[in-house]
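Novice: Take a look at the following structure, please.
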There are 2 protein chains.
Amino acid sequence: MSISWLGEGVTTKGVTERRFDVERGSRMIPGLLWTPETEPAKALVLLGHGGGGDKRQGYILAFARRLVRHHGFAAAAIDGPVHGDRRDPAAGEITADEFLNAWREDPTITDEMVADWRRVLDVLQEPAVLGTTPVGWWGISMGTILGLPVVAAEPRISVAVLGLAGIVGPTKQRLAADAASLRIPVLFLAQWDDEIFRRDRVFELFGAIGSSDKRFHANPGLHQDVPAEEFLASERFLARTLAPR
Amino acid sequence: MSISWLGEGVTTKGVTERRFDVERGSRMIPGLLWTPETEPAKALVLLGHGGGGDKRQGYILAFARRLVRHHGFAAAAIDGPVHGDRRDPAAGEITADEFLNAWREDPTITDEMVADWRRVLDVLQEPAVLGTTPVGWWGISMGTILGLPVVAAEPRISVAVLGLAGIVGPTKQRLAADAASLRIPVLFLAQWDDEIFRRDRVFELFGAIGSSDKRFHANPGLHQDVPAEEFLASERFLARTLAPR
C-alpha cells in the first residue's frame, strides 16, 4: 500500500482532514490531506510550511481550509526535515535558526524534500485518492527555500505562491538557477521589515524568477506578520490558474 | 456659478460623463466627471493622470467607468499643468520629459495643482453636484508626483492608490515629508523594469510613506506596462475603504 491513513478522517464545516504516511524507500513522510466532504477535489494545492512550524501550523491549517471551502480544492502538507512528526518528540520544537543550521550542515535536505514531495504527489494523484487534477504550490520562507526547488523540478505544478526568502544558504546557486527556470505564474510575497531575510536578497530572488507572469506583493512588518489580505490574494491567484472561469 | 458644464452629458452603459470647468482665481481648471446614470454616487475617486497624458487618456477613462459601473462611485479627473485643455492646441501634445523639465523650472506647479484639486473637490461636494461622500485618490507616475501632495494636504481623502514614482525632482524634500505625513490606507504600484524611475528611488518613496496600512505591488515590465490585475486590485482596494460591506 503506497499510502497509510492514520486514524479516522475528521470533518468540520465541509472539510475532511486526514493524516497520512507515505513511504519513500526507508523514509516515512508524514502528511495531512484536506478535501471537500462531498465532492471530488477540483485541484490540489501543496502547502510548504515555514521553518520552526509543521504541517498543521496555524496559517497552513487555516489556508488549507479556505482552499477547500471556497474553491472545492484539496490541499496537502507534509512535515519538513526535522520538523513535526519527523522530529524526535524528546527533542522538543525546532526553531527556524536550528533548521537553517541543520540545512547548512546538510544541503542534501533540499534534494530529499524534492523527492519527498514528488513521491507524495504521485500517491495523491492515484485514482483511489484524488486522481489527476491541476496542481499548485503555496509555500513561503522555508516553504520557498525548500519549495522553489520542488516547483522547478515538478512539471505537474502549474502555479506557485512563493516568498519571504532570499537567495541565501548552502544551495544559493541552485536556488537562483531553479528560480530562473520557472515559467509558470508566480505570486511572490515579502515583508518590508523582514528581520530574517535582507530586503535586497529578497528582491534578488524575485528578480531571478524566469516567469514573465509574476508579481511581487510587499507589506510592512516583520517576517511573521504576513497580513490576511495576502492569504486572500493567494487564494484568488491560485484559483485563477487552477480553476479558471 | 462655481462650476460650468460644457455641453450635454453623455451616458453610455449606465455611466454619465460630463465635461466641466471650475474657476480658481484667474485659473480655469478643465475636468471630467463620471457618475452613475440613475443613482447618487456612493463615493468619489479623484484620478490624477500621467505625464504626457490628460484627463481622458485611455486608462483614466477605463478606470473611471469601472468605478462607476462596478461600485456606484463617481470619478473625476482634471488636466495636469500644461496638459490637455490647459495646453495651447498649437503646441501639440506634451511629452513626459517636457513635463519634468517644466516642473524642474517651476516647482510651484505642485502647489498650484494641490490648490486646483482642493478647489475642484469643494465644488464637486456642493449639494447641487455630488454632495458630501467618502473620497479616494488614484494617481500613478505624475499622478503621484503631483498627487501625493494633494493626498497629504486634503483631510477629506481617506484612501489612496499611488506609485510609479520615486523621491525625485525639485520638490524631493516636500515629497518625502508629504509621504511621511500620510496615515491613510495606501496601495503603492511599481513596475520592476521602470525605465523612468530607478527602482531604489521607488522603494524609497514607498518606505517613506507613514501609513502603517500600506502595501507594495510590483510587476515586471516598463513604466507603461501596468497590468490589468493592478487596476482590479486598485478597484477592490478603494472599495474596501470607501464602501465597506
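Ligands are numbered from 1 in the order shown, chains are lettered A, B, ... in the order of the C-alpha cells, and residues start at 1 in each chain.
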Any idea what's packed within 10 Å of region 216-227 of chain A, counting only C-alpha atoms, ignoring anything in its chain fewer than 4 positions away? Could you give it as a ChimeraX atom specification?
Specialist: /A:50,59,141,162-165,186-197,203,206-207,231-233 /B:187-192,207,211-220
Novice: Could the residues in this selection be saved with C-alpha atoms as a PDB file, in the first residue's frame?
Specialist:
```
ATOM      1  CA  GLY A  50       7.701  27.503   7.487  1.00  0.00           C
ATOM      2  CA  TYR A  59      -1.679  29.526   8.861  1.00  0.00           C
ATOM      3  CA  SER A 141      10.016  31.214   3.970  1.00  0.00           C
ATOM      4  CA  LEU A 162       6.385  31.869  -3.001  1.00  0.00           C
ATOM      5  CA  GLY A 163       8.233  34.461  -0.940  1.00  0.00           C
ATOM      6  CA  LEU A 164       9.638  35.583   2.395  1.00  0.00           C
ATOM      7  CA  ALA A 165      13.025  34.281   1.329  1.00  0.00           C
ATOM      8  CA  VAL A 186       4.089  33.247  -9.603  1.00  0.00           C
ATOM      9  CA  LEU A 187       2.859  35.426  -6.767  1.00  0.00           C
ATOM     10  CA  PHE A 188       5.805  36.411  -4.570  1.00  0.00           C
ATOM     11  CA  LEU A 189       5.200  37.725  -1.040  1.00  0.00           C
ATOM     12  CA  ALA A 190       7.604  39.807   1.001  1.00  0.00           C
ATOM     13  CA  GLN A 191       7.667  41.558   4.352  1.00  0.00           C
ATOM     14  CA  TRP A 192       9.166  45.029   4.123  1.00  0.00           C
ATOM     15  CA  ASP A 193      10.814  44.847   7.559  1.00  0.00           C
ATOM     16  CA  ASP A 194      11.820  41.167   7.409  1.00  0.00           C
ATOM     17  CA  GLU A 195      14.377  40.553  10.127  1.00  0.00           C
ATOM     18  CA  ILE A 196      15.418  37.126   8.789  1.00  0.00           C
ATOM     19  CA  PHE A 197      15.983  37.815   5.090  1.00  0.00           C
ATOM     20  CA  PHE A 203      14.296  41.457  -4.324  1.00  0.00           C
ATOM     21  CA  PHE A 206      12.021  37.751  -7.133  1.00  0.00           C
ATOM     22  CA  GLY A 207      14.112  39.289  -9.906  1.00  0.00           C
ATOM     23  CA  PHE A 231      -3.817  34.919   2.042  1.00  0.00           C
ATOM     24  CA  LEU A 232      -6.872  36.226   0.195  1.00  0.00           C
ATOM     25  CA  ALA A 233      -4.660  37.327  -2.708  1.00  0.00           C
TER      26      ALA A 233
ATOM     27  CA  LEU B 187      -1.773  50.761  -2.255  1.00  0.00           C
ATOM     28  CA  PHE B 188       1.522  51.541  -3.985  1.00  0.00           C
ATOM     29  CA  LEU B 189       2.163  50.236  -7.521  1.00  0.00           C
ATOM     30  CA  ALA B 190       5.554  49.774  -9.145  1.00  0.00           C
ATOM     31  CA  GLN B 191       6.969  48.439 -12.390  1.00  0.00           C
ATOM     32  CA  TRP B 192      10.020  46.233 -11.837  1.00  0.00           C
ATOM     33  CA  GLY B 207       9.323  53.153   2.510  1.00  0.00           C
ATOM     34  CA  SER B 211       0.816  54.843   6.948  1.00  0.00           C
ATOM     35  CA  SER B 212       1.083  51.501   8.716  1.00  0.00           C
ATOM     36  CA  ASP B 213      -1.703  50.229   6.459  1.00  0.00           C
ATOM     37  CA  LYS B 214       0.180  50.194   3.155  1.00  0.00           C
ATOM     38  CA  ARG B 215       1.159  47.562   0.597  1.00  0.00           C
ATOM     39  CA  PHE B 216       3.514  47.452  -2.403  1.00  0.00           C
ATOM     40  CA  HIS B 217       2.612  45.636  -5.641  1.00  0.00           C
ATOM     41  CA  ALA B 218       5.300  45.333  -8.316  1.00  0.00           C
ATOM     42  CA  ASN B 219       5.021  43.767 -11.745  1.00  0.00           C
ATOM     43  CA  PRO B 220       7.587  43.078 -14.448  1.00  0.00           C
TER      44      PRO B 220
END
```
Novice: Mind checking which residues fall within 12 Å of Arg24 (chain B), counting only C-alpha atoms, ignoring those fewer than 5 positions away in the same chain, and posting them as an mmCIF file with all heavy atoms, in the first residue's frame?
Specialist:
```
data_model
loop_
_atom_site.group_PDB
_atom_site.id
_atom_site.type_symbol
_atom_site.label_atom_id
_atom_site.label_comp_id
_atom_site.auth_asym_id
_atom_site.auth_seq_id
_atom_site.Cartn_x
_atom_site.Cartn_y
_atom_site.Cartn_z
ATOM 1 N N MET B 1 -21.523 81.277 -10.548
ATOM 2 C CA MET B 1 -21.613 79.806 -10.585
ATOM 3 C C MET B 1 -20.209 79.230 -10.463
ATOM 4 O O MET B 1 -19.296 79.624 -11.181
ATOM 5 C CB MET B 1 -22.260 79.412 -11.924
ATOM 6 C CG MET B 1 -22.381 77.948 -12.174
ATOM 7 S SD MET B 1 -24.026 77.301 -11.800
ATOM 8 C CE MET B 1 -23.776 75.593 -12.270
ATOM 9 N N SER B 2 -20.037 78.293 -9.531
ATOM 10 C CA SER B 2 -18.688 77.796 -9.259
ATOM 11 C C SER B 2 -18.237 76.731 -10.253
ATOM 12 O O SER B 2 -17.057 76.463 -10.383
ATOM 13 C CB SER B 2 -18.622 77.246 -7.844
ATOM 14 O OG SER B 2 -19.682 76.327 -7.654
ATOM 15 N N ILE B 3 -19.197 76.118 -10.956
ATOM 16 C CA ILE B 3 -18.825 75.097 -11.938
ATOM 17 C C ILE B 3 -19.610 75.362 -13.228
ATOM 18 O O ILE B 3 -20.781 75.720 -13.183
ATOM 19 C CB ILE B 3 -19.085 73.671 -11.393
ATOM 20 C CG1 ILE B 3 -18.506 72.577 -12.316
ATOM 21 C CG2 ILE B 3 -20.563 73.412 -11.129
ATOM 22 C CD1 ILE B 3 -18.391 71.205 -11.643
ATOM 23 N N ILE B 29 -9.917 75.514 -14.499
ATOM 24 C CA ILE B 29 -9.497 74.114 -14.327
ATOM 25 C C ILE B 29 -10.438 73.216 -15.129
ATOM 26 O O ILE B 29 -11.613 73.077 -14.787
ATOM 27 C CB ILE B 29 -9.547 73.697 -12.838
ATOM 28 C CG1 ILE B 29 -8.812 74.723 -11.962
ATOM 29 C CG2 ILE B 29 -8.983 72.295 -12.650
ATOM 30 C CD1 ILE B 29 -9.151 74.621 -10.472
ATOM 31 N N PRO B 30 -9.936 72.608 -16.200
ATOM 32 C CA PRO B 30 -10.795 71.765 -17.032
ATOM 33 C C PRO B 30 -10.851 70.330 -16.481
ATOM 34 O O PRO B 30 -9.815 69.745 -16.176
ATOM 35 C CB PRO B 30 -10.090 71.775 -18.392
ATOM 36 C CG PRO B 30 -8.673 72.156 -18.124
ATOM 37 C CD PRO B 30 -8.569 72.734 -16.732
ATOM 38 N N GLU B 112 0.198 74.685 -7.134
ATOM 39 C CA GLU B 112 -0.963 75.060 -7.945
ATOM 40 C C GLU B 112 -1.889 73.866 -8.149
ATOM 41 O O GLU B 112 -3.110 73.991 -8.091
ATOM 42 C CB GLU B 112 -0.504 75.622 -9.304
ATOM 43 C CG GLU B 112 0.326 76.897 -9.207
ATOM 44 C CD GLU B 112 -0.460 78.088 -8.657
ATOM 45 O OE1 GLU B 112 -1.702 78.058 -8.662
ATOM 46 O OE2 GLU B 112 0.199 79.051 -8.193
ATOM 47 N N MET B 113 -1.305 72.698 -8.374
ATOM 48 C CA MET B 113 -2.137 71.510 -8.573
ATOM 49 C C MET B 113 -2.862 71.117 -7.280
ATOM 50 O O MET B 113 -4.009 70.694 -7.308
ATOM 51 C CB MET B 113 -1.301 70.328 -9.076
ATOM 52 C CG MET B 113 -1.059 70.352 -10.565
ATOM 53 S SD MET B 113 -2.588 70.352 -11.588
ATOM 54 C CE MET B 113 -3.109 68.631 -11.445
ATOM 55 N N VAL B 114 -2.174 71.260 -6.153
ATOM 56 C CA VAL B 114 -2.828 70.972 -4.871
ATOM 57 C C VAL B 114 -4.028 71.901 -4.706
ATOM 58 O O VAL B 114 -5.140 71.459 -4.373
ATOM 59 C CB VAL B 114 -1.843 71.116 -3.694
ATOM 60 C CG1 VAL B 114 -2.578 71.066 -2.355
ATOM 61 C CG2 VAL B 114 -0.770 70.028 -3.755
ATOM 62 N N ALA B 115 -3.816 73.182 -4.976
ATOM 63 C CA ALA B 115 -4.907 74.153 -4.812
ATOM 64 C C ALA B 115 -6.029 73.886 -5.830
ATOM 65 O O ALA B 115 -7.214 73.992 -5.501
ATOM 66 C CB ALA B 115 -4.361 75.572 -4.969
ATOM 67 N N ASP B 116 -5.658 73.511 -7.050
ATOM 68 C CA ASP B 116 -6.675 73.195 -8.072
ATOM 69 C C ASP B 116 -7.556 72.025 -7.611
ATOM 70 O O ASP B 116 -8.787 72.078 -7.688
ATOM 71 C CB ASP B 116 -6.001 72.795 -9.398
ATOM 72 C CG ASP B 116 -5.493 73.993 -10.193
ATOM 73 O OD1 ASP B 116 -5.715 75.141 -9.771
ATOM 74 O OD2 ASP B 116 -4.856 73.762 -11.249
ATOM 75 N N TRP B 117 -6.910 70.963 -7.164
ATOM 76 C CA TRP B 117 -7.675 69.775 -6.762
ATOM 77 C C TRP B 117 -8.579 70.069 -5.555
ATOM 78 O O TRP B 117 -9.720 69.602 -5.501
ATOM 79 C CB TRP B 117 -6.738 68.618 -6.434
ATOM 80 C CG TRP B 117 -6.461 67.709 -7.600
ATOM 81 C CD1 TRP B 117 -5.256 67.502 -8.208
ATOM 82 C CD2 TRP B 117 -7.397 66.869 -8.287
ATOM 83 N NE1 TRP B 117 -5.396 66.579 -9.225
ATOM 84 C CE2 TRP B 117 -6.690 66.172 -9.300
ATOM 85 C CE3 TRP B 117 -8.763 66.621 -8.159
ATOM 86 C CZ2 TRP B 117 -7.291 65.261 -10.171
ATOM 87 C CZ3 TRP B 117 -9.382 65.716 -9.019
ATOM 88 C CH2 TRP B 117 -8.655 65.049 -10.011
ATOM 89 N N ARG B 118 -8.062 70.851 -4.606
ATOM 90 C CA ARG B 118 -8.875 71.128 -3.411
ATOM 91 C C ARG B 118 -10.086 71.979 -3.787
ATOM 92 O O ARG B 118 -11.179 71.768 -3.269
ATOM 93 C CB ARG B 118 -8.027 71.814 -2.342
ATOM 94 C CG ARG B 118 -6.839 70.935 -1.935
ATOM 95 C CD ARG B 118 -6.148 71.464 -0.714
ATOM 96 N NE ARG B 118 -6.938 71.158 0.476
ATOM 97 C CZ ARG B 118 -6.573 71.483 1.711
ATOM 98 N NH1 ARG B 118 -5.444 72.143 1.913
ATOM 99 N NH2 ARG B 118 -7.344 71.176 2.742
ATOM 100 N N ARG B 119 -9.868 72.910 -4.712
ATOM 101 C CA ARG B 119 -10.970 73.741 -5.190
ATOM 102 C C ARG B 119 -12.009 72.867 -5.919
ATOM 103 O O ARG B 119 -13.213 72.998 -5.704
ATOM 104 C CB ARG B 119 -10.409 74.811 -6.123
ATOM 105 C CG ARG B 119 -11.428 75.582 -6.924
ATOM 106 C CD ARG B 119 -12.127 76.636 -6.081
ATOM 107 N NE ARG B 119 -13.090 77.349 -6.901
ATOM 108 C CZ ARG B 119 -14.336 77.630 -6.524
ATOM 109 N NH1 ARG B 119 -14.768 77.283 -5.310
ATOM 110 N NH2 ARG B 119 -15.150 78.269 -7.325
ATOM 111 N N VAL B 120 -11.545 71.971 -6.782
ATOM 112 C CA VAL B 120 -12.449 71.089 -7.521
ATOM 113 C C VAL B 120 -13.226 70.198 -6.545
ATOM 114 O O VAL B 120 -14.435 69.994 -6.692
ATOM 115 C CB VAL B 120 -11.671 70.244 -8.556
ATOM 116 C CG1 VAL B 120 -12.518 69.105 -9.105
ATOM 117 C CG2 VAL B 120 -11.170 71.143 -9.697
ATOM 118 N N LEU B 121 -12.555 69.708 -5.522
ATOM 119 C CA LEU B 121 -13.240 68.859 -4.548
ATOM 120 C C LEU B 121 -14.319 69.649 -3.803
ATOM 121 O O LEU B 121 -15.440 69.160 -3.623
ATOM 122 C CB LEU B 121 -12.218 68.260 -3.564
ATOM 123 C CG LEU B 121 -12.772 67.333 -2.483
ATOM 124 C CD1 LEU B 121 -13.614 66.200 -3.078
ATOM 125 C CD2 LEU B 121 -11.640 66.753 -1.636
ATOM 126 N N ASP B 122 -13.995 70.897 -3.421
ATOM 127 C CA ASP B 122 -15.017 71.751 -2.788
ATOM 128 C C ASP B 122 -16.260 71.824 -3.658
ATOM 129 O O ASP B 122 -17.384 71.669 -3.190
ATOM 130 C CB ASP B 122 -14.492 73.195 -2.622
ATOM 131 C CG ASP B 122 -13.449 73.320 -1.516
ATOM 132 O OD1 ASP B 122 -13.327 72.386 -0.697
ATOM 133 O OD2 ASP B 122 -12.746 74.357 -1.498
ATOM 134 N N VAL B 123 -16.029 72.077 -4.937
ATOM 135 C CA VAL B 123 -17.145 72.297 -5.858
ATOM 136 C C VAL B 123 -17.925 71.001 -6.092
ATOM 137 O O VAL B 123 -19.160 70.992 -6.104
ATOM 138 C CB VAL B 123 -16.613 72.889 -7.186
ATOM 139 C CG1 VAL B 123 -17.697 72.884 -8.257
ATOM 140 C CG2 VAL B 123 -16.070 74.305 -6.957
#
```
Novice: Report, in Å with one decimal, the straight-line distance from CA of Thr16 (chain A) to CA of Arg65 (chain A).
Specialist: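 Computing it gives 9.0 Å between the two atoms.
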Novice: As number ranges by chain, list the residues of region 9-194 of chain B assigned to strand (DSSP E or B) by DSSP on the backbone atoms of this structure.
Specialist: B: 9-12, 15-24, 27-36, 44-48, 74-78, 135-139, 157-163, 186-191
Novice: Applying 7 Å and only C-alpha atoms, which residues near Val15 (chain A) remain after dropping the ones on its own chain fewer than 4 positions away? List them as a ChimeraX atom specification.
Specialist: /A:11,34-37,65,68-69
Novice: Compare B:Arg183, B:Phe63, B:Leu46, B:Glu93 by their minimum atom-to-atom distance to Val135 (chain B), counting only C-alpha atoms, and give me the closest one.
Specialist: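 With only C-alpha atoms as the atom set, the closest residue is B:Leu46.
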Novice: Rank nothing, just name the residue among B:Leu67, B:Ala152, B:Ala208, B:Leu130 nearest to chain A, using only C-alpha atoms.
Specialist: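 Ranked by minimum distance to chain A, first place goes to B:Ala208.
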Novice: Among chain A, which residues does DSSP mark as alpha helix (DSSP H) when it is run on the backbone? Keep the chain and numbering as in the structure and answer as an MDAnalysis selection string.
Specialist: chainID A and resid 58:71 96:105 108:124 142:145 148:153 172:181 199:208 228:242
